[in-house]
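Data first, discussion second: the structure below is written as structure tokens.
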Amino acid sequence: MSRLRAPLACAVAVAGLLASASVAGADTASRPASCVPFGTAQLPPGSPATGARDGLAMLPQFAGDDAPASVELRTQTTQFNEFWDFALVDGALLTRPRAWGGENSEPWRYAPLPECLRGLLVGISVDDDELVAVDGDGWIYTLDNVAHAPMLWNWTSAYGAPLWLGDGQRVAGQAPGTWALSVSSPWDNQTYVDADGRIHHVGLGKMTMVPSLTGNGSRITYADPWLPNDDSYEIGGPLGGRFRSVALSSAGSTTFVTNQYGDMFTRNFDFDAAGSDSVFFRYSWDDQAGKPTAPNLFAEYLNRDYAAIRLPAQDWVHQPKIPGEITSAISVHSTGVGPDARELRVAGSRDGATGFWHKDLNAPAWDFTTTGADLPGTPLENSPHDRSGETLAPPAPWHLSASLPARDTVVDGQFLMDMGLPYSVVDPRLLDQIGMHAGPSGYSLSIDHFDPVATTRAATVTTPGGATIPVLVHTADGLRFAPHGAGLDSQPRHLVGAIEIPDAAFDARADDPALDAFTRDWMRDKRIAPITLSATDVDLVIR
């Protein structure tokens with residue numbers, strides 16, 4: 001523990017428990033329980049995990065017989081991290097030290113739980129040094145320091161902007177098995193990779209989110225404790241956001257989903273890594289080959305001789321089929337340092353024996369471990385062949401087009417990136433409002449079925465002469481300071497992005513006069529050009 005944070009953790013834990021004695025219950029329909037307004041979760045990144053047991057003996061032992069014998073999957077009621085097991089039994093939160101690779105003889109004990117939360121909790125999720133619990137109305141409560149001694153564990157109901165001081169947030173999708181906590185910290189996971197596979201370092205603010213399936217299962221809405229309390233931020237789902245998932249798990253910024261036919265995808269994604277936070281991170285659409293990897297986040301941000309985070313964000317990876325019976329109880333957890341240190345688990349059976357299928361994130365095939373335990377989740381129709389495209393959601397309803405700005409415009413997407421400005425907060429409509437207008441270039445861009453949370457989609461450039469050029473448009477959400485609705489509406493939604501000419505077309509541009517002229521005159525002889533966008537449900541502005 002750091003000298004500052006350890007005493008503070010103790011003080012917050014004691015204060016929270018004392019406060020809870022005088023605040024029994026709360027009207028949680030309209031707000032979270034109010035007895036734990038502050039906690040050390042709001043002061044990341046904490047300190048390296050210790051797994052210490054100080055205070056464990058002070059926790060009362062659980063005398064019931066309905067606690068799980070073992071915890072092998074992260075579900076709505078059973079969770080684990082490197083050091084502790086957790087279980088939610090009849091509204092009570094239980095814990096015990098974790099035993100890896102053998103029978104656990106440790107007794108279950110009651111975890112610290114303020115009186116105002118007792119009997120209210122319906123689901124839990126653990127990752128790294130945090131546990132998130134939700135009540136029946138979906139309100140999020142965070143138990144911090146769960147990779148440390150129990151004497152330092154403490155709760156907070158605070159969530160959201162500004163600076164994790166918001167007055168609380170609900171999980172957008174609350175069905176069991178469809179939401180999870182994901183945490184990447186500079187101490188445990190330490191690093192992530194960009195689109196080129198280059199290593200980058202997790203910041204001191206950690207990467208924390210609670211993704212959940214919403215709508216028809218094709219939307220993955222996430223709550224982030226640093227962002228406004230709304231349901232506008234999403235992880236664009238597999239297959240252009242149209243894949244309909246029935247279950248979700250997440251850990252260390254790796255999100256794991258499956259559909260009803262056992263077709264599974266994973267994606268390494270976080271707001272910071274995806275290109276949305278230019279206040280604290282440095283991004284580039286250009287190839288960073290030849291530049292060294294920075295030794296830490298601060299050097300990467302301040303020194304342009306080091307490689308920036310290459311965009312666009314990583315796409316989904318289609319995982320191999322499981323050769324056996326499975327349920328919707330899917331689980332992912334971190335196994336060490338680095339973005340590939342993840343293990344996937346899925347409840348199921350083989351040859352009549354129950355247990356779980358498992359593999360490392362990038363392993364080519366699944367193995368099976370027998371437990372003999374009852375299977376959690378709902379049985380899936382796990383077909384031997386891929387059926388990902390059979391239950392696709394309808395495409396997004398928005399068809400947008402915009403004039404591309406003239407290239408003599410002073411401030412455009414490239415300028416904002418080159419200047420090192422926090423461009424992800426600069427909506428191009430604001431430039432017009434302060435008189436920094438952009439004339440038309442004669443080129444226009446049109447996008448059918450524009451989904452603002454998708455990372456990449458096909459688009460068409462129309463030239464001044466009427467020729468059409470197929471291109472790709474990549475986007476990432478801008479950094480918003482006020483709530484916004486999901487998707488598009490009359491309120492402008494700011495995004496950062498780039499227009500890309502596909503490799504084959506770019507290499508053969510000399511054979512296509514229209515493409516050659518567009519590449520020279522608008523793309524500045526580059527294959528990919530940064531832009532900044534502002535979209536409503538009826539119009540699009542591009543710089």
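As shown in the structure tokens, the chain order sets the letters A, B, ...; within each chain, residues go from 1, and ligands are also counted from 1 in the order they appear.
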**Study point:** Selection: 7 Å around range 448-450 of chain A, only C-alpha atoms, excl. self and same-chain fewer than 4 positions, as a PyMOL selection string
**Key:** chain A and resi 395-400
Practice item. Name the residues in contact with Arg31 in chain A at a cut-off of 12 Å, using only C-alpha atoms, excluding same-chain residues fewer than 4 positions from it; report them as a list in words. Key: Gly25, Ala26, Asp27, Cys35, Pro37, Asp135, Gly136, Asp137, Gly138, Trp139, Ile140, Tyr141, Ser157, Ala158, Tyr159, Gly166, Asp167, Gly168, Gln169 and Arg170 of chain A
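Within range 234-419 of chain A, DSSP run on the backbone puts these residues in alpha helix (DSSP H): Pro238, Leu239, Gly240, Gly241, Leu297, Phe298, Ala299, Glu300, Tyr301, Leu302, Gly413, Gln414, Phe415, Leu416, Met417 and Asp418 of chain A.
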Check your understanding: Pick from A:Asp66, A:Asp521, A:Asp196, A:Asp539: nearest to Arg429 in chain A, with only C-alpha atoms counted?
Key -> A:Asp539
Practice item. Extract, using only C-alpha atoms, all DNA, RNA and protein residues at most 7 Å from range 200-215 of chain A, discarding same-chain residues fewer than 2 positions from it, and format them as a VMD selection string. Key: chain A and resid 44 to 45 172 to 173 178 to 186 190 to 193 198 217 to 225 270 296 to 297
Check your understanding: If you count only C-alpha atoms, which residues fall within 8 Å of Tyr306 in chain A, apart from same-chain ones fewer than 4 positions away, as a count of residues only?
Key -> 6
Practice item. Please indicate the distance in Å from CA of Ser446 in chain A to CA of Arg310 in chain A, rounded to one decimal place. Key: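 If I compute the distance from CA of Ser446 in chain A to CA of Arg310 in chain A, I get 25.2 Å.
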Practice item. Please provide the set of residues having any atom within 12 Å of Gly336 in chain A, restricted to only C-alpha atoms, with same-chain residues fewer than 2 positions apart removed, written as a ChimeraX atom specification. Key: /A:81-82,128,184-185,187-191,251-252,333-334,338-343,360
Point to revise | CA of Leu113 in chain A to CA of Gln61 in chain A, distance in Å rounded to a single decimal | key: 13.9 Å
Exercise for review: Would you list, as a ChimeraX atom specification, the residues of range 174-352 of chain A that end up in strand (DSSP E or B) under DSSP run on this structure's backbone?
Suggested key: /A:179,182-184,191-193,199-201,207-214,219-223,234,247-251,254-258,264-268,283-284,309-310,317-318,325-334,342-350
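Of the listed residues (A:Asp272, A:Tyr283, A:Arg345, A:Gly241), A:Gly241 comes nearest to Leu392 in chain A; the distances count only C-alpha atoms.
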